[in-house]
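Here's model_26.tsv, which has TSV, N, CA and C atoms and all ligand atoms:
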chain	number	residue	atom	x	y	z
A	610	MET	N	31.75	-36.35	-107.24
A	610	MET	CA	31.85	-37.01	-105.93
A	610	MET	C	31.97	-38.51	-106.08
A	611	ASN	N	31.17	-39.04	-107.00
A	611	ASN	CA	31.19	-40.48	-107.25
A	611	ASN	C	32.53	-40.90	-107.86
A	612	LEU	N	33.03	-40.07	-108.74
A	612	LEU	CA	34.31	-40.38	-109.38
A	612	LEU	C	35.45	-40.32	-108.38
A	613	SER	N	35.43	-39.33	-107.50
A	613	SER	CA	36.53	-39.19	-106.55
A	613	SER	C	36.50	-40.34	-105.53
A	614	LEU	N	35.29	-40.82	-105.20
A	614	LEU	CA	35.21	-41.96	-104.27
A	614	LEU	C	35.80	-43.22	-104.88
A	615	SER	N	35.46	-43.47	-106.15
A	615	SER	CA	36.02	-44.66	-106.80
A	615	SER	C	37.51	-44.51	-107.00
A	616	LEU	N	37.96	-43.28	-107.25
A	616	LEU	CA	39.41	-43.04	-107.37
A	616	LEU	C	40.11	-43.31	-106.05
A	617	LEU	N	39.45	-42.89	-104.97
A	617	LEU	CA	40.04	-43.12	-103.64
A	617	LEU	C	40.14	-44.62	-103.34
A	618	ILE	N	39.07	-45.35	-103.69
A	618	ILE	CA	39.09	-46.80	-103.46
A	618	ILE	C	40.17	-47.46	-104.31
A	619	MET	N	40.31	-46.99	-105.56
A	619	MET	CA	41.34	-47.56	-106.43
A	619	MET	C	42.73	-47.29	-105.88
A	620	LEU	N	42.93	-46.09	-105.36
A	620	LEU	CA	44.24	-45.77	-104.78
A	620	LEU	C	44.50	-46.62	-103.54
A	621	LEU	N	43.45	-46.77	-102.71
A	621	LEU	CA	43.61	-47.57	-101.49
A	621	LEU	C	43.95	-49.02	-101.82
A	622	LEU	N	43.42	-49.51	-102.95
A	622	LEU	CA	43.71	-50.90	-103.32
A	622	LEU	C	45.04	-51.03	-104.05
A	623	SER	N	45.38	-50.05	-104.87
A	623	SER	CA	46.56	-50.22	-105.73
A	623	SER	C	47.85	-49.86	-105.02
A	624	LEU	N	47.79	-48.98	-104.04
A	624	LEU	CA	49.05	-48.61	-103.36
A	624	LEU	C	49.67	-49.78	-102.60
A	625	PRO	N	48.91	-50.55	-101.80
A	625	PRO	CA	49.54	-51.72	-101.17
A	625	PRO	C	50.00	-52.76	-102.17
A	626	LEU	N	49.26	-52.92	-103.26
A	626	LEU	CA	49.67	-53.88	-104.28
A	626	LEU	C	51.00	-53.47	-104.91
A	627	MET	N	51.12	-52.16	-105.18
A	627	MET	CA	52.38	-51.68	-105.73
A	627	MET	C	53.53	-51.87	-104.75
A	628	GLY	N	53.23	-51.63	-103.46
A	628	GLY	CA	54.27	-51.83	-102.45
A	628	GLY	C	54.71	-53.27	-102.38
A	629	ILE	N	53.73	-54.20	-102.42
A	629	ILE	CA	54.06	-55.62	-102.37
A	629	ILE	C	54.84	-56.02	-103.63
A	630	GLY	N	54.43	-55.46	-104.78
A	630	GLY	CA	55.14	-55.75	-106.02
A	630	GLY	C	56.58	-55.27	-105.98
A	631	LEU	N	56.78	-54.08	-105.46
A	631	LEU	CA	58.15	-53.56	-105.36
A	631	LEU	C	58.99	-54.40	-104.41
A	632	LEU	N	58.37	-54.82	-103.30
A	632	LEU	CA	59.10	-55.68	-102.35
A	632	LEU	C	59.47	-57.01	-103.00
A	633	ALA	N	58.53	-57.59	-103.76
A	633	ALA	CA	58.81	-58.86	-104.42
A	633	ALA	C	59.92	-58.70	-105.45
A	634	LEU	N	59.90	-57.60	-106.18
A	634	LEU	CA	60.94	-57.34	-107.18
A	634	LEU	C	62.29	-57.18	-106.51
A	635	TYR	N	62.31	-56.45	-105.40
A	635	TYR	CA	63.57	-56.25	-104.68
A	635	TYR	C	64.10	-57.58	-104.14
A	636	GLU	N	63.20	-58.39	-103.60
A	636	GLU	CA	63.62	-59.67	-103.05
A	636	GLU	C	64.13	-60.60	-104.14
A	637	ARG	N	63.50	-60.55	-105.32
A	637	ARG	CA	63.93	-61.39	-106.43
A	637	ARG	C	65.31	-60.97	-106.92
A	638	LEU	N	65.54	-59.68	-107.02
A	638	LEU	CA	66.85	-59.19	-107.46
A	638	LEU	C	67.92	-59.54	-106.44
A	639	ARG	N	67.56	-59.48	-105.15
A	639	ARG	CA	68.54	-59.73	-104.12
A	639	ARG	C	68.89	-61.21	-104.03
A	640	SER	N	67.87	-62.08	-104.15
A	640	SER	CA	68.11	-63.50	-103.93
A	640	SER	C	68.63	-64.19	-105.18
A	641	SER	N	68.42	-63.62	-106.37
A	641	SER	CA	68.89	-64.27	-107.59
A	641	SER	C	70.29	-63.82	-107.94
A	642	TYR	N	71.01	-63.32	-106.96
A	642	TYR	CA	72.38	-62.90	-107.24
A	642	TYR	C	73.23	-64.10	-107.63
A	643	ARG	N	73.19	-65.15	-106.85
A	643	ARG	CA	73.86	-66.40	-107.22
A	643	ARG	C	72.88	-67.54	-106.99
A	644	PRO	N	72.13	-67.92	-107.98
A	644	PRO	CA	71.16	-68.99	-107.76
A	644	PRO	C	71.85	-70.33	-107.58
A	645	LEU	N	71.10	-71.24	-106.98
A	645	LEU	CA	71.63	-72.57	-106.67
A	645	LEU	C	71.99	-73.33	-107.94
A	646	LYS	N	71.32	-73.01	-109.03
A	646	LYS	CA	71.55	-73.74	-110.27
A	646	LYS	C	72.97	-73.53	-110.78
A	647	GLU	N	73.56	-72.37	-110.50
A	647	GLU	CA	74.90	-72.10	-111.00
A	647	GLU	C	75.97	-72.79	-110.16
A	648	ARG	N	75.63	-73.13	-108.93
A	648	ARG	CA	76.64	-73.72	-108.05
A	648	ARG	C	76.54	-75.23	-107.99
A	649	GLU	N	75.36	-75.79	-108.24
A	649	GLU	CA	75.19	-77.22	-108.07
A	649	GLU	C	74.44	-77.81	-109.26
A	650	HIS	N	74.69	-79.09	-109.48
A	650	HIS	CA	73.97	-79.82	-110.50
A	650	HIS	C	73.18	-80.94	-109.84
A	651	VAL	N	72.02	-81.22	-110.39
A	651	VAL	CA	71.18	-82.29	-109.88
A	651	VAL	C	71.51	-83.55	-110.67
A	652	HIS	N	71.80	-84.63	-109.95
A	652	HIS	CA	72.11	-85.91	-110.59
A	652	HIS	C	71.07	-86.95	-110.21
A	653	PHE	N	70.90	-87.90	-111.12
A	653	PHE	CA	69.94	-88.97	-110.94
A	653	PHE	C	70.72	-90.28	-110.98
A	654	CYS	N	70.77	-90.96	-109.87
A	654	CYS	CA	71.55	-92.20	-109.80
A	654	CYS	C	70.87	-93.28	-110.63
A	655	SER	N	71.68	-93.95	-111.47
A	655	SER	CA	71.10	-94.97	-112.35
A	655	SER	C	70.92	-96.30	-111.63
A	656	ARG	N	71.57	-96.50	-110.49
A	656	ARG	CA	71.44	-97.77	-109.80
A	656	ARG	C	70.29	-97.75	-108.78
A	657	CYS	N	70.30	-96.72	-107.90
A	657	CYS	CA	69.30	-96.75	-106.83
A	657	CYS	C	68.24	-95.66	-107.03
A	658	GLU	N	68.31	-94.93	-108.12
A	658	GLU	CA	67.32	-93.91	-108.47
A	658	GLU	C	67.22	-92.81	-107.43
A	659	HIS	N	68.32	-92.55	-106.78
A	659	HIS	CA	68.36	-91.48	-105.79
A	659	HIS	C	68.71	-90.18	-106.51
A	660	VAL	N	67.98	-89.12	-106.19
A	660	VAL	CA	68.25	-87.82	-106.80
A	660	VAL	C	69.01	-86.97	-105.80
A	661	TYR	N	70.15	-86.45	-106.23
A	661	TYR	CA	70.98	-85.68	-105.32
A	661	TYR	C	71.68	-84.58	-106.10
A	662	SER	N	72.17	-83.60	-105.37
A	662	SER	CA	72.85	-82.47	-106.03
A	662	SER	C	74.32	-82.48	-105.66
A	663	VAL	N	75.15	-82.11	-106.63
A	663	VAL	CA	76.60	-82.12	-106.47
A	663	VAL	C	77.11	-80.74	-106.82
A	664	SER	N	78.08	-80.28	-106.07
A	664	SER	CA	78.68	-78.98	-106.35
A	664	SER	C	79.44	-79.02	-107.67
A	665	ASN	N	79.52	-77.89	-108.34
A	665	ASN	CA	80.24	-77.81	-109.61
A	665	ASN	C	81.74	-78.03	-109.42
A	666	ARG	N	82.21	-77.78	-108.22
A	666	ARG	CA	83.64	-77.95	-107.99
A	666	ARG	C	84.02	-79.42	-107.90
A	667	ARG	N	83.05	-80.30	-107.61
A	667	ARG	CA	83.32	-81.73	-107.55
A	667	ARG	C	82.32	-82.43	-108.46
A	668	PRO	N	82.51	-82.38	-109.76
A	668	PRO	CA	81.49	-82.90	-110.67
A	668	PRO	C	81.39	-84.42	-110.68
A	669	MET	N	82.46	-85.14	-110.30
A	669	MET	CA	82.40	-86.60	-110.29
A	669	MET	C	82.24	-87.10	-108.88
A	670	ASN	N	81.16	-86.76	-108.25
A	670	ASN	CA	80.94	-87.19	-106.88
A	670	ASN	C	80.19	-88.51	-106.87
A	671	LYS	N	80.24	-89.19	-105.72
A	671	LYS	CA	79.55	-90.47	-105.59
A	671	LYS	C	78.13	-90.24	-105.10
A	672	CYS	N	77.29	-91.20	-105.41
A	672	CYS	CA	75.94	-91.18	-104.89
A	672	CYS	C	75.99	-91.38	-103.38
A	673	PRO	N	75.32	-90.56	-102.61
A	673	PRO	CA	75.41	-90.70	-101.15
A	673	PRO	C	74.73	-91.95	-100.63
A	674	ARG	N	73.91	-92.62	-101.42
A	674	ARG	CA	73.20	-93.79	-100.92
A	674	ARG	C	73.92	-95.08	-101.29
A	675	CYS	N	74.31	-95.23	-102.57
A	675	CYS	CA	74.88	-96.51	-102.99
A	675	CYS	C	76.34	-96.39	-103.40
A	676	LYS	N	76.93	-95.22	-103.29
A	676	LYS	CA	78.36	-94.97	-103.53
A	676	LYS	C	78.78	-95.23	-104.97
A	677	GLN	N	77.85	-95.24	-105.89
A	677	GLN	CA	78.21	-95.39	-107.28
A	677	GLN	C	78.58	-94.03	-107.85
A	678	LEU	N	79.62	-94.00	-108.66
A	678	LEU	CA	80.00	-92.73	-109.29
A	678	LEU	C	78.90	-92.30	-110.26
A	679	ASN	N	78.58	-91.03	-110.20
A	679	ASN	CA	77.49	-90.58	-111.07
A	679	ASN	C	77.96	-90.48	-112.50
A	680	LYS	N	77.04	-90.69	-113.40
A	680	LYS	CA	77.28	-90.41	-114.79
A	680	LYS	C	76.87	-88.96	-115.05
A	681	ALA	N	77.30	-88.44	-116.14
A	681	ALA	CA	77.09	-87.01	-116.39
A	681	ALA	C	75.69	-86.75	-116.92
A	682	ILE	N	74.70	-87.16	-116.15
A	682	ILE	CA	73.32	-86.85	-116.50
A	682	ILE	C	72.92	-85.63	-115.71
A	683	ILE	N	72.76	-84.54	-116.37
A	683	ILE	CA	72.48	-83.28	-115.69
A	683	ILE	C	71.05	-82.88	-116.01
A	684	LEU	N	70.28	-82.72	-114.96
A	684	LEU	CA	68.86	-82.45	-115.16
A	684	LEU	C	68.56	-80.98	-115.35
A	685	ASN	N	69.43	-80.09	-114.90
A	685	ASN	CA	69.13	-78.66	-115.06
A	685	ASN	C	70.25	-77.95	-115.79
A	701	ZN	ZN	72.76	-94.41	-105.99
Using structure tokens, write down the structure that the file contains.
Ligand SMILES: [Zn+2]
Amino acid sequence: MNLSLSLLIMLLLSLPLMGIGLLALYERLRSSYRPLKEREHVHFCSRCEHVYSVSNRRPMNKCPRCKQLNKAIILN
């Protein structure tokens, strides 16, 4: 009786945890299909120290604050 009660409590605790884990796994697989890192690069402006991201399709973009062309310093 004591064993079955503790088993019941363990099941009651582990089943929602497993459900949450499966949901988290599903969400991770769904959202990591095309991560932001593959589409954009983070640049650090050497003049005004502004950090901004630029699409991979336009790698030589200007800094949005001081209009200086970025150097190829890629943080990620
Ligand atoms: Zn700048």
Around all the atoms of region 621-636 of chain A listed in the file, with 4 Å of room on each side, what axis-aligned box do you get, giving centre and edge lengths in Å to one decimal, as AutoDock Vina command-line options?
--center_x 53.8 --center_y -53.7 --center_z -104.2 --size_x 28.7 --size_y 21.8 --size_z 14.0
Q. Got a sec to check which residues lie within 6 Å of ligand ZN 701 (chain A), using only N, CA and C atoms and all ligand atoms, and send them as a count of residues only?
A. 12
All residues 7 Å or closer to Ser664 (chain A), only C-alpha atoms, same chain fewer than 5 positions away omitted, as a compact mmCIF listing (two decimals) with N, CA and C atoms, in the frame of the given file:
# COMPACT_ATOMS: atom_id res chain seq x y z
N ARG A 648 75.63 -73.13 -108.93
CA ARG A 648 76.64 -73.72 -108.05
C ARG A 648 76.54 -75.23 -107.99
N GLU A 649 75.36 -75.79 -108.24
CA GLU A 649 75.19 -77.22 -108.07
C GLU A 649 74.44 -77.81 -109.26
N HIS A 650 74.69 -79.09 -109.48
CA HIS A 650 73.97 -79.82 -110.50
C HIS A 650 73.18 -80.94 -109.84
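With atom C of Asn679 (chain A) on one side and CA of Asn665 (chain A) on the other, the separation reads 13.2 Å.
When atom N of Phe653 (chain A) is paired with atom C of Arg667 (chain A), their separation reads 12.9 Å.
Taking only C-alpha atoms into account, His652 (chain A) lies nearest to A:Asn670 out of the set A:Ser615, A:Ser640, A:Ser623, A:Asn670.
Of note, CA of Gly630 (chain A) and atom N of Leu612 (chain A) are spaced 27.2 Å apart.
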